[in-house]
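Reproduced below: data34.cif, with mmCIF, C-alpha atoms.
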```cif
data_model
#
loop_
_atom_site.label_atom_id
_atom_site.label_comp_id
_atom_site.auth_asym_id
_atom_site.auth_seq_id
_atom_site.Cartn_x
_atom_site.Cartn_y
_atom_site.Cartn_z
CA MET A 195 167.04 -83.31 54.09
CA LYS A 196 168.63 -86.75 54.39
CA VAL A 197 171.73 -88.27 55.92
CA THR A 198 173.96 -89.34 53.02
CA ARG A 199 177.31 -90.31 54.54
CA ALA A 200 177.62 -94.10 54.39
CA VAL A 201 178.53 -96.27 57.33
CA ARG A 202 181.87 -98.04 56.91
CA VAL A 203 181.52 -101.49 55.28
CA LEU A 204 183.73 -104.52 55.91
CA ASP A 205 183.51 -107.11 53.13
CA ASP A 206 184.49 -110.78 53.31
CA VAL A 207 184.19 -110.99 57.10
CA ASP A 208 184.68 -114.57 58.27
CA PRO A 209 181.56 -115.40 60.35
CA CYS A 210 183.79 -117.44 62.64
CA ALA A 211 186.31 -114.62 63.10
CA ILE A 212 184.36 -111.38 63.54
CA PRO A 213 186.88 -108.65 64.48
CA PHE A 214 185.31 -107.78 67.82
CA GLU A 215 188.56 -106.40 69.23
CA SER A 216 188.89 -103.71 66.57
CA LEU A 217 185.16 -102.99 66.43
CA ILE A 218 185.06 -102.31 70.15
CA ALA A 219 188.32 -100.33 70.12
CA GLU A 220 187.38 -98.16 67.13
CA ASN A 221 183.91 -97.42 68.55
CA ARG A 222 182.26 -96.58 65.23
CA PRO A 223 179.34 -98.06 63.28
CA THR A 224 180.41 -100.76 60.83
CA VAL A 225 178.50 -102.95 58.39
CA LEU A 226 179.62 -106.59 58.33
CA LYS A 227 178.64 -107.56 54.83
CA GLY A 228 177.04 -111.00 54.48
CA VAL A 229 178.13 -112.24 57.90
CA ALA A 230 174.75 -113.97 58.49
CA GLY A 231 174.21 -114.97 54.87
CA ASP A 232 174.54 -118.71 55.48
CA TRP A 233 171.99 -118.88 58.29
CA PRO A 234 169.06 -121.20 57.48
CA LEU A 235 166.68 -118.44 58.61
CA THR A 236 168.27 -116.00 56.17
CA ARG A 237 167.87 -118.48 53.34
CA ALA A 238 164.25 -119.07 54.35
CA GLY A 239 163.64 -115.32 54.41
CA ILE A 240 165.02 -114.97 50.90
CA ALA A 241 162.68 -117.76 49.79
CA GLY A 242 159.73 -115.74 51.08
CA PRO A 243 157.62 -114.86 54.13
CA ARG A 244 155.86 -118.23 54.25
CA ALA A 245 159.13 -120.12 54.22
CA ALA A 246 160.47 -117.93 57.02
CA THR A 247 157.37 -118.23 59.22
CA GLU A 248 157.28 -122.01 58.73
CA TYR A 249 160.93 -122.21 59.73
CA LEU A 250 160.33 -120.15 62.88
CA ALA A 251 157.34 -122.33 63.80
CA ARG A 252 159.74 -125.27 64.29
CA PHE A 253 161.15 -123.60 67.40
CA TYR A 254 158.07 -121.97 68.90
CA GLU A 255 156.68 -123.58 72.05
CA GLY A 256 153.57 -121.50 72.62
CA ARG A 257 154.63 -118.68 74.94
CA PRO A 258 152.67 -115.53 73.93
CA VAL A 259 154.78 -112.73 72.45
CA THR A 260 154.31 -108.97 72.79
CA ALA A 261 153.05 -107.56 69.51
CA TYR A 262 152.42 -103.97 68.40
CA THR A 263 149.85 -102.63 65.95
CA GLY A 264 149.80 -99.06 64.66
CA GLU A 265 146.62 -97.07 64.34
CA PRO A 266 145.12 -97.32 60.83
CA GLY A 267 146.45 -94.57 58.59
CA ALA A 268 149.20 -93.60 61.05
CA GLY A 269 151.95 -94.77 58.70
CA PRO A 270 154.94 -96.94 59.51
CA ARG A 271 156.47 -94.82 62.30
CA PHE A 272 155.75 -96.01 65.84
CA PHE A 273 155.44 -92.68 67.59
CA TYR A 274 153.14 -90.42 69.63
CA ASP A 275 149.75 -88.94 68.96
CA ASP A 276 149.53 -85.17 68.49
CA SER A 277 149.57 -84.57 72.25
CA ALA A 278 152.83 -86.52 72.75
CA THR A 279 151.23 -88.05 75.85
CA ARG A 280 150.12 -91.37 74.34
CA MET A 281 151.33 -93.71 71.62
CA ASN A 282 149.93 -94.10 68.09
CA PHE A 283 149.84 -97.88 68.50
CA THR A 284 148.57 -100.60 70.82
CA SER A 285 150.26 -103.67 72.27
CA GLU A 286 148.95 -107.12 73.10
CA ARG A 287 150.09 -110.57 74.17
CA VAL A 288 149.35 -113.02 71.38
CA PRO A 289 150.54 -116.40 70.03
CA LEU A 290 153.39 -115.94 67.57
CA GLY A 291 151.72 -117.76 64.67
CA GLU A 292 148.52 -115.75 64.97
CA PHE A 293 150.31 -112.43 64.74
CA LEU A 294 152.63 -113.59 61.95
CA GLU A 295 149.54 -114.43 59.94
CA ARG A 296 148.32 -110.87 60.41
CA ILE A 297 151.66 -109.56 59.13
CA VAL A 298 151.93 -111.94 56.17
CA GLY A 299 148.29 -112.47 55.27
CA SER A 300 146.69 -109.07 55.84
CA ASP A 301 146.14 -106.60 53.01
CA GLU A 302 143.85 -103.70 53.86
CA GLY A 303 145.27 -101.31 51.28
CA ASP A 304 146.29 -97.88 52.55
CA GLN A 305 144.62 -98.65 55.89
CA THR A 306 146.75 -101.71 56.62
CA PRO A 307 148.22 -100.94 60.05
CA ALA A 308 151.92 -101.23 60.77
CA ARG A 309 152.63 -104.38 62.77
CA TYR A 310 155.68 -105.83 64.45
CA ILE A 311 156.92 -108.12 67.20
CA GLY A 312 159.72 -106.34 69.02
CA SER A 313 162.74 -107.38 71.08
CA THR A 314 161.71 -110.95 71.80
CA ASP A 315 164.28 -113.10 73.63
CA CYS A 316 165.35 -115.81 71.17
CA ASP A 317 166.39 -118.34 73.80
CA LEU A 318 163.18 -117.95 75.82
CA TYR A 319 160.61 -117.80 73.02
CA LEU A 320 162.34 -119.75 70.22
CA PRO A 321 164.61 -122.24 72.02
CA GLY A 322 166.99 -123.94 69.63
CA LEU A 323 166.86 -121.23 66.97
CA ARG A 324 170.36 -120.06 67.82
CA SER A 325 171.77 -123.56 67.46
CA GLU A 326 171.30 -123.09 63.70
CA ASN A 327 171.47 -119.29 63.42
CA ASP A 328 174.10 -117.60 65.57
CA LEU A 329 177.21 -115.44 65.46
CA SER A 330 180.52 -116.80 66.69
CA LEU A 331 181.03 -114.78 69.87
CA ASP A 332 184.73 -115.48 70.36
CA HIS A 333 185.71 -112.52 72.52
CA PRO A 334 186.30 -112.35 76.30
CA VAL A 335 183.65 -109.64 76.70
CA PHE A 336 180.97 -112.25 75.99
CA GLU A 337 182.38 -114.66 78.54
CA ALA A 338 182.01 -112.11 81.33
CA VAL A 339 178.51 -110.95 80.36
CA PRO A 340 176.63 -113.05 77.78
CA PRO A 341 174.68 -110.95 75.27
CA LEU A 342 170.93 -110.63 75.13
CA VAL A 343 169.86 -112.01 71.74
CA SER A 344 166.51 -110.74 70.47
CA ILE A 345 164.38 -111.21 67.37
CA TRP A 346 162.23 -108.53 65.70
CA ILE A 347 159.58 -109.45 63.12
CA GLY A 348 157.22 -107.17 61.23
CA GLY A 349 156.03 -105.45 58.09
CA GLN A 350 157.10 -102.01 56.90
CA THR A 351 157.79 -100.17 60.15
CA THR A 352 159.97 -97.36 61.46
CA ALA A 353 161.50 -97.31 64.94
CA ALA A 354 162.13 -93.63 65.64
CA ALA A 355 165.68 -92.60 66.49
CA HIS A 356 166.69 -93.59 70.02
CA PHE A 357 169.76 -94.79 71.89
CA ASP A 358 170.46 -98.01 73.78
CA MET A 359 172.74 -98.43 76.76
CA SER A 360 174.45 -101.48 75.25
CA ASN A 361 176.61 -102.21 72.23
CA ASN A 362 174.69 -103.80 69.38
CA ILE A 363 175.20 -106.12 66.44
CA ALA A 364 172.01 -106.30 64.40
CA CYS A 365 171.66 -109.02 61.76
CA CYS A 366 169.22 -108.47 58.90
CA VAL A 367 167.86 -111.91 58.05
CA ALA A 368 164.68 -111.16 56.05
CA GLY A 369 163.78 -108.05 54.09
CA ARG A 370 165.92 -104.93 53.96
CA ARG A 371 166.68 -102.48 56.78
CA ARG A 372 167.92 -98.92 56.80
CA PHE A 373 169.85 -97.68 59.84
CA THR A 374 170.37 -93.94 60.27
CA LEU A 375 172.86 -93.29 63.06
CA PHE A 376 174.18 -90.30 65.02
CA PRO A 377 176.98 -90.10 67.62
CA PRO A 378 175.95 -89.47 71.24
CA ASP A 379 177.03 -85.81 71.15
CA GLN A 380 174.17 -85.06 68.73
CA VAL A 381 171.53 -85.45 71.45
CA GLU A 382 170.72 -81.72 71.52
CA ASN A 383 170.26 -81.64 67.74
CA LEU A 384 167.88 -84.60 67.73
CA TYR A 385 165.29 -83.02 70.04
CA PRO A 386 164.55 -85.91 72.41
CA GLY A 387 160.93 -86.46 73.38
CA PRO A 388 159.34 -87.13 76.77
CA LEU A 389 161.14 -89.31 79.29
CA GLU A 390 157.83 -91.13 79.62
CA PRO A 391 155.84 -92.52 78.06
CA THR A 392 158.15 -93.82 75.35
CA PRO A 393 157.45 -96.26 72.50
CA GLY A 394 159.85 -98.92 73.76
CA GLY A 395 161.43 -97.77 77.00
CA GLN A 396 163.96 -95.37 75.47
CA VAL A 397 163.65 -91.67 74.69
CA ILE A 398 163.12 -91.02 70.98
CA SER A 399 163.75 -88.09 68.65
CA MET A 400 160.71 -85.95 67.94
CA VAL A 401 161.93 -85.18 64.41
CA ASP A 402 160.20 -86.90 61.50
CA PHE A 403 163.22 -87.83 59.38
CA ASP A 404 161.08 -88.15 56.25
CA ALA A 405 159.74 -84.60 56.58
CA PRO A 406 161.84 -82.67 59.11
CA ASP A 407 160.27 -79.42 60.30
CA LEU A 408 163.36 -77.20 60.44
CA ASP A 409 161.35 -74.24 61.69
CA ARG A 410 160.51 -76.23 64.79
CA TYR A 411 163.72 -78.30 64.94
CA PRO A 412 166.40 -76.15 63.28
CA ARG A 413 169.42 -77.87 64.84
CA PHE A 414 168.44 -81.12 63.14
CA ALA A 415 170.43 -79.87 60.15
CA GLU A 416 173.58 -80.21 62.29
CA ALA A 417 172.62 -83.77 63.21
CA VAL A 418 172.19 -84.63 59.53
CA ALA A 419 175.72 -83.40 58.82
CA ALA A 420 177.07 -85.68 61.57
CA GLY A 421 174.95 -88.73 60.73
CA GLU A 422 175.68 -91.96 58.90
CA VAL A 423 173.35 -94.31 57.02
CA ALA A 424 173.47 -97.99 56.09
CA GLU A 425 171.08 -100.12 54.03
CA LEU A 426 171.29 -103.80 54.88
CA GLU A 427 170.41 -106.69 52.62
CA PRO A 428 169.47 -110.12 54.03
CA GLY A 429 172.59 -111.61 55.60
CA ASP A 430 174.22 -108.27 56.40
CA ALA A 431 174.87 -107.13 59.97
CA ILE A 432 175.71 -103.79 61.51
CA PHE A 433 177.69 -103.06 64.65
CA PHE A 434 177.18 -99.78 66.49
CA PRO A 435 178.37 -98.72 69.94
CA ALA A 436 176.30 -98.01 73.03
CA LEU A 437 174.59 -94.60 73.19
CA TRP A 438 174.64 -94.03 69.42
CA TRP A 439 171.25 -92.79 68.27
CA HIS A 440 169.70 -94.92 65.54
CA GLN A 441 166.51 -94.92 63.52
CA VAL A 442 165.63 -98.33 62.07
CA GLU A 443 163.38 -98.69 59.02
CA ALA A 444 162.09 -102.05 57.83
CA LEU A 445 161.78 -101.44 54.11
CA ASP A 446 159.91 -104.50 52.84
CA GLY A 447 156.55 -106.11 53.50
CA PHE A 448 158.11 -108.78 55.71
CA ASN A 449 161.26 -108.31 57.78
CA ILE A 450 163.21 -110.16 60.46
CA LEU A 451 166.12 -108.82 62.49
CA ILE A 452 168.17 -110.64 65.14
CA ASN A 453 170.32 -108.47 67.36
CA TYR A 454 172.94 -108.99 70.05
CA TRP A 455 173.12 -106.51 72.92
CA TRP A 456 176.04 -106.49 75.31
CA ASN A 457 177.86 -104.21 77.68
CA ALA A 458 181.34 -104.52 79.09
CA SER A 459 180.17 -103.31 82.51
CA PRO A 460 179.59 -106.01 85.16
CA PRO A 461 175.96 -106.80 86.07
CA PHE A 462 176.24 -105.32 89.57
CA MET A 463 176.60 -101.80 88.15
CA ASP A 464 173.47 -99.68 88.16
CA THR A 465 172.03 -98.13 85.00
CA PRO A 466 173.30 -94.56 84.40
CA MET A 467 169.74 -93.58 83.47
CA ASN A 468 168.86 -93.75 87.17
CA THR A 469 171.66 -91.29 87.84
CA LEU A 470 170.33 -88.97 85.13
CA LEU A 471 166.82 -89.05 86.63
CA HIS A 472 168.20 -88.34 90.09
CA GLY A 473 170.23 -85.51 88.59
CA LEU A 474 166.99 -83.94 87.39
CA LEU A 475 165.69 -84.18 90.95
CA SER A 476 168.81 -82.94 92.73
CA LEU A 477 170.87 -80.78 90.34
CA ARG A 478 169.12 -79.35 87.29
CA ASP A 479 167.26 -76.47 88.97
CA ARG A 480 170.01 -75.32 91.34
CA PRO A 481 171.67 -71.92 90.80
CA GLU A 482 174.19 -71.81 87.98
CA GLU A 483 177.15 -71.20 90.29
CA GLU A 484 176.25 -74.31 92.30
CA LYS A 485 175.83 -76.34 89.13
CA ARG A 486 179.32 -75.34 87.99
CA GLY A 487 180.67 -76.48 91.35
CA TRP A 488 178.87 -79.82 91.10
CA HIS A 489 180.15 -80.17 87.53
CA ALA A 490 183.70 -79.99 88.93
CA LEU A 491 182.87 -82.53 91.64
CA PHE A 492 181.38 -84.96 89.12
CA ASN A 493 184.44 -84.62 86.93
CA TYR A 494 186.63 -85.44 89.92
CA TYR A 495 184.64 -88.33 91.37
CA VAL A 496 182.87 -89.81 88.32
CA PHE A 497 184.16 -88.77 84.90
CA GLY A 498 187.86 -88.49 85.69
CA ASP A 499 190.44 -91.20 86.37
CA ALA A 500 188.62 -93.89 88.34
CA GLY A 501 191.44 -94.24 90.85
CA GLN A 502 192.26 -90.57 91.41
CA ALA A 503 189.74 -89.69 94.12
CA GLY A 504 190.85 -92.45 96.47
CA ALA A 505 194.53 -92.71 95.59
CA HIS A 506 195.74 -90.49 98.44
CA LEU A 507 193.65 -92.27 101.10
CA PRO A 508 194.62 -95.36 103.11
CA GLU A 509 193.11 -98.41 101.44
CA ALA A 510 190.88 -99.18 104.43
CA ALA A 511 189.43 -95.66 104.32
CA ARG A 512 188.46 -95.54 100.65
CA GLY A 513 184.94 -96.94 101.03
CA PRO A 514 182.93 -96.29 97.82
CA LEU A 515 186.02 -94.66 96.29
CA ALA A 516 187.66 -98.10 96.09
CA PRO A 517 187.31 -100.15 92.90
CA LEU A 518 183.71 -101.27 92.54
CA ASP A 519 182.90 -104.95 92.96
CA ALA A 520 179.69 -106.79 93.79
CA MET A 521 180.05 -106.29 97.54
CA ASN A 522 180.96 -102.60 97.31
CA ALA A 523 178.10 -102.08 94.86
CA ARG A 524 175.68 -103.66 97.34
CA ARG A 525 176.92 -101.40 100.15
CA LEU A 526 176.75 -98.29 97.99
CA ARG A 527 173.23 -99.15 96.84
CA ALA A 528 172.11 -99.64 100.45
CA GLN A 529 173.64 -96.28 101.41
CA LEU A 530 171.89 -94.58 98.51
CA LEU A 531 168.53 -96.18 99.28
CA ASN A 532 168.83 -95.13 102.90
CA ARG A 533 169.40 -91.52 101.84
CA LEU A 534 166.54 -91.55 99.31
CA ASN A 535 164.11 -92.98 101.88
CA ARG A 536 164.95 -90.59 104.70
#
```

Since I need it in another form, could you write the structure as C-alpha cells?
Amino acid sequence: MKVTRAVRVLDDVDPCAIPFESLIAENRPTVLKGVAGDWPLTRAGIAGPRAATEYLARFYEGRPVTAYTGEPGAGPRFFYDDSATRMNFTSERVPLGEFLERIVGSDEGDQTPARYIGSTDCDLYLPGLRSENDLSLDHPVFEAVPPLVSIWIGGQTTAAAHFDMSNNIACCVAGRRRFTLFPPDQVENLYPGPLEPTPGGQVISMVDFDAPDLDRYPRFAEAVAAGEVAELEPGDAIFFPALWWHQVEALDGFNILINYWWNASPPFMDTPMNTLLHGLLSLRDRPEEEKRGWHALFNYYVFGDAGQAGAHLPEAARGPLAPLDAMNARRLRAQLLNRLNR
C-alpha cells in the first residue's frame, strides 16, 4: 500500500523570485522544480560523490559534526529496536571528512550500515557555503525571523514520518529524495510512537511504509488516501508547511539536502509542544465532563479570535489577554514557572 497522489509541481520558478506569498497563503506542499539547479554544490553532486565532498571541504573549518550510524543489517530506516525503548543506531561527534569517507568509501555488502549527518547548521559548520549556494529569501517573514539553514549528508537512509514545528523548504542537491507527506489531521492514522526517546527530537510514525502491518495499524489506510508523494531530482526543492508529517527517503548511495526552516511566530513565543506535555499532566486523565468544559475554555482563550477574550475589559486590566509581546511573554512565563514550582 503506497501513497500515489503527486505533490503539486511548479515549473520554471525563478530562483530570484520564489512565490513565498502564495506558498505560505495556500499552505500546501509544492515542488519547486529546478530552483537550486544552478548551485555549484548541485553541479558538484551531479559530477559525483568525490566532487561534492571536495567542494564541501573548501568550507569546513574543523568543528566536529554529529553523525549517525545504523546497526548492521537494520536497513535504511532510522528507527527503534523491537522494544521501542532504544534506537537502532548510534551517534558520535566526528570530523566531517572522516565520516564522509565512511559514506563514500565504505562497501560492506548487505551489512553496510546506513550512515548520515543530520541537521547541521550551514553557517556554523560550513561558513561561506551559502554565499555560493542559497535561495533568494525576499519575503518579510525572513526579515523578522531569519531561517535556520541546515545540511544533511548520507547514503541510502530513511527518516521515518514525523512533523516539524516550522515551515520548510528542502533543496535536493545530490542524489534523489522521496518525500511522503500527510496533513496534520492524519496524526491518529499515522500511529505516533513514544514521546521519548525519539530518533531526532520529534515523534515518529510507528508504521513501516514499505511493509505496513494493517492488522496492527488499520487506520494507516486512511492516511495513505490523504497522503501526497514527491520524488526530487538534484536541483529540485519542496516546500511544505509546519506540522505536516513527512517521511524522507534518500534513494541513492550519496545524497545531500539543504533545508530552510522558519516560523512566522516571534522568538519570544514558547513552543506549543510544552503546552501539549503540560496538557498530558493537567488535562488528559480528568473526567470527560471536565475535559469538555476545558475544551470550551481553550477554544475561547486560545483557539478562537485572539482579541475576543480581552475585548470587553479595560486595556489596563487585560494582563496576559492583551496582545503578546516580549515583555508580556516574559511576565506570563514567570507566572507559569511560579505556578509549576509551587

**Closest of A:Leu290, A:Ile398, A:Val229, A:Val197 to Val418 in chain A - atom-to-atom distances counting all atoms listed in the file** = A:Val197

**Prompt:** Smallest atom-to-atom distance to Leu318 in chain A: which of A:Glu337, A:Glu255, A:Ala261, A:Asp379, using all atoms listed in the file?
**Reply:** A:Glu255

Tell me which protein, DNA and RNA residues are within 7 Å of range 269-276 of chain A, counting only C-alpha atoms, leaving out same-chain ones fewer than 5 positions away, and put them as a compact mmCIF listing (two decimals) with C-alpha atoms, keeping the file's coordinate frame.
```txt
# COMPACT_ATOMS: atom_id res chain seq x y z
CA GLY A 264 149.80 -99.06 64.66
CA MET A 281 151.33 -93.71 71.62
CA ASN A 282 149.93 -94.10 68.09
CA PHE A 283 149.84 -97.88 68.50
CA ALA A 308 151.92 -101.23 60.77
CA GLN A 350 157.10 -102.01 56.90
CA THR A 351 157.79 -100.17 60.15
CA THR A 352 159.97 -97.36 61.46
CA ALA A 353 161.50 -97.31 64.94
CA ALA A 354 162.13 -93.63 65.64
CA PRO A 393 157.45 -96.26 72.50
```

**Prompt:** Expanded to explicit residues, what is the PyMOL selection byres ((chain A and resi 433) around 7) for this file, as number ranges by chain?
**Reply:** A: 223-225, 362-364, 431-432, 434-435

**Request:** List the residues selected by the PyMOL selection byres ((chain A and resi 366) around 8) in the file shown, writing them as a ChimeraX atom specification.
**Result:** /A:230,364-365,367-371,426-431,450-452

**Message:** Just the number, please: distance in Å from CA of Tyr411 in chain A to CA of Glu443 in chain A, one decimal.
**Reply:** 21.2 Å

**Request:** One decimal, Å: what's the distance from CA of Leu471 in chain A over to CA of Asn493 in chain A, could you say?
**Result:**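 Interatomic distance, CA of Leu471 in chain A to CA of Asn493 in chain A: 18.2 Å.
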
**Request:** Compare A:His333, A:Arg202, A:Arg324, A:Arg244 by their minimum atom-to-atom distance to Lys227 in chain A, counting all atoms listed in the file, and give me the closest one.
**Result:**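 Under the stated criterion, the closest residue is A:Arg202.
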
Residue IDs satisfying the PyMOL selection byres ((chain A and resi 403-408) around 9), as a CSV table (one decimal) with C-alpha atoms, in the frame of the given file:
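See result-v5.csv below for the written result:
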```
chain,number,residue,atom,x,y,z
A,195,MET,CA,167.0,-83.3,54.1
A,196,LYS,CA,168.6,-86.8,54.4
A,354,ALA,CA,162.1,-93.6,65.6
A,355,ALA,CA,165.7,-92.6,66.5
A,401,VAL,CA,161.9,-85.2,64.4
A,402,ASP,CA,160.2,-86.9,61.5
A,409,ASP,CA,161.4,-74.2,61.7
A,410,ARG,CA,160.5,-76.2,64.8
A,411,TYR,CA,163.7,-78.3,64.9
A,412,PRO,CA,166.4,-76.2,63.3
A,413,ARG,CA,169.4,-77.9,64.8
A,414,PHE,CA,168.4,-81.1,63.1
A,415,ALA,CA,170.4,-79.9,60.2
A,441,GLN,CA,166.5,-94.9,63.5
```

**Complete:** Atom pair CA of Ser313 in chain A + CA of Ala200 in chain A, distance 26.0 Å

Could you add N, CA, C and O atoms to range 270-288 of chain A and give me the result as a PDB file, keeping the file's coordinate frame?
```pdb
ATOM      1  N   PRO A 270     154.064 -95.904  58.955  1.00  0.00           N
ATOM      2  CA  PRO A 270     154.940 -96.940  59.510  1.00  0.00           C
ATOM      3  C   PRO A 270     155.660 -96.563  60.789  1.00  0.00           C
ATOM      4  O   PRO A 270     156.230 -97.423  61.454  1.00  0.00           O
ATOM      5  N   ARG A 271     155.657 -95.261  61.161  1.00  0.00           N
ATOM      6  CA  ARG A 271     156.470 -94.820  62.300  1.00  0.00           C
ATOM      7  C   ARG A 271     155.717 -95.030  63.608  1.00  0.00           C
ATOM      8  O   ARG A 271     154.632 -94.482  63.823  1.00  0.00           O
ATOM      9  N   PHE A 272     156.311 -95.817  64.510  1.00  0.00           N
ATOM     10  CA  PHE A 272     155.750 -96.010  65.840  1.00  0.00           C
ATOM     11  C   PHE A 272     156.160 -94.814  66.686  1.00  0.00           C
ATOM     12  O   PHE A 272     157.330 -94.631  67.007  1.00  0.00           O
ATOM     13  N   PHE A 273     155.150 -94.016  67.066  1.00  0.00           N
ATOM     14  CA  PHE A 273     155.440 -92.680  67.590  1.00  0.00           C
ATOM     15  C   PHE A 273     154.343 -92.285  68.580  1.00  0.00           C
ATOM     16  O   PHE A 273     153.681 -93.132  69.173  1.00  0.00           O
ATOM     17  N   TYR A 274     154.163 -90.980  68.751  1.00  0.00           N
ATOM     18  CA  TYR A 274     153.140 -90.420  69.630  1.00  0.00           C
ATOM     19  C   TYR A 274     151.934 -89.953  68.833  1.00  0.00           C
ATOM     20  O   TYR A 274     152.000 -89.787  67.612  1.00  0.00           O
ATOM     21  N   ASP A 275     150.829 -89.691  69.571  1.00  0.00           N
ATOM     22  CA  ASP A 275     149.750 -88.940  68.960  1.00  0.00           C
ATOM     23  C   ASP A 275     150.115 -87.454  69.002  1.00  0.00           C
ATOM     24  O   ASP A 275     151.222 -87.085  69.411  1.00  0.00           O
ATOM     25  N   ASP A 276     149.205 -86.594  68.589  1.00  0.00           N
ATOM     26  CA  ASP A 276     149.530 -85.170  68.490  1.00  0.00           C
ATOM     27  C   ASP A 276     149.831 -84.539  69.845  1.00  0.00           C
ATOM     28  O   ASP A 276     150.530 -83.520  69.914  1.00  0.00           O
ATOM     29  N   SER A 277     149.328 -85.136  70.925  1.00  0.00           N
ATOM     30  CA  SER A 277     149.570 -84.570  72.250  1.00  0.00           C
ATOM     31  C   SER A 277     150.913 -84.982  72.838  1.00  0.00           C
ATOM     32  O   SER A 277     151.353 -84.402  73.842  1.00  0.00           O
ATOM     33  N   ALA A 278     151.570 -85.962  72.246  1.00  0.00           N
ATOM     34  CA  ALA A 278     152.830 -86.520  72.750  1.00  0.00           C
ATOM     35  C   ALA A 278     152.684 -87.075  74.161  1.00  0.00           C
ATOM     36  O   ALA A 278     153.671 -87.188  74.893  1.00  0.00           O
ATOM     37  N   THR A 279     151.458 -87.453  74.538  1.00  0.00           N
ATOM     38  CA  THR A 279     151.230 -88.050  75.850  1.00  0.00           C
ATOM     39  C   THR A 279     150.780 -89.510  75.754  1.00  0.00           C
ATOM     40  O   THR A 279     150.698 -90.197  76.770  1.00  0.00           O
ATOM     41  N   ARG A 280     150.480 -89.961  74.548  1.00  0.00           N
ATOM     42  CA  ARG A 280     150.120 -91.370  74.340  1.00  0.00           C
ATOM     43  C   ARG A 280     150.673 -91.814  72.997  1.00  0.00           C
ATOM     44  O   ARG A 280     151.047 -90.996  72.148  1.00  0.00           O
ATOM     45  N   MET A 281     150.733 -93.144  72.817  1.00  0.00           N
ATOM     46  CA  MET A 281     151.330 -93.710  71.620  1.00  0.00           C
ATOM     47  C   MET A 281     150.302 -93.794  70.470  1.00  0.00           C
ATOM     48  O   MET A 281     149.089 -93.775  70.702  1.00  0.00           O
ATOM     49  N   ASN A 282     150.820 -93.919  69.246  1.00  0.00           N
ATOM     50  CA  ASN A 282     149.930 -94.100  68.090  1.00  0.00           C
ATOM     51  C   ASN A 282     149.799 -95.575  67.720  1.00  0.00           C
ATOM     52  O   ASN A 282     149.566 -95.918  66.574  1.00  0.00           O
ATOM     53  N   PHE A 283     149.949 -96.449  68.724  1.00  0.00           N
ATOM     54  CA  PHE A 283     149.840 -97.880  68.500  1.00  0.00           C
ATOM     55  C   PHE A 283     149.361 -98.549  69.784  1.00  0.00           C
ATOM     56  O   PHE A 283     149.356 -97.934  70.862  1.00  0.00           O
ATOM     57  N   THR A 284     148.975 -99.814  69.663  1.00  0.00           N
ATOM     58  CA  THR A 284     148.570-100.600  70.820  1.00  0.00           C
ATOM     59  C   THR A 284     149.465-101.837  70.906  1.00  0.00           C
ATOM     60  O   THR A 284     150.106-102.230  69.922  1.00  0.00           O
ATOM     61  N   SER A 285     149.493-102.438  72.079  1.00  0.00           N
ATOM     62  CA  SER A 285     150.260-103.670  72.270  1.00  0.00           C
ATOM     63  C   SER A 285     149.352-104.744  72.829  1.00  0.00           C
ATOM     64  O   SER A 285     148.327-104.454  73.465  1.00  0.00           O
ATOM     65  N   GLU A 286     149.727-105.985  72.605  1.00  0.00           N
ATOM     66  CA  GLU A 286     148.950-107.120  73.100  1.00  0.00           C
ATOM     67  C   GLU A 286     149.856-108.329  73.239  1.00  0.00           C
ATOM     68  O   GLU A 286     150.927-108.409  72.632  1.00  0.00           O
ATOM     69  N   ARG A 287     149.427-109.274  74.066  1.00  0.00           N
ATOM     70  CA  ARG A 287     150.090-110.570  74.170  1.00  0.00           C
ATOM     71  C   ARG A 287     149.315-111.537  73.284  1.00  0.00           C
ATOM     72  O   ARG A 287     148.088-111.672  73.407  1.00  0.00           O
ATOM     73  N   VAL A 288     150.026-112.221  72.393  1.00  0.00           N
ATOM     74  CA  VAL A 288     149.350-113.020  71.380  1.00  0.00           C
ATOM     75  C   VAL A 288     150.253-114.173  70.952  1.00  0.00           C
ATOM     76  O   VAL A 288     151.485-114.050  70.988  1.00  0.00           O
TER      77      VAL A 288
END
```
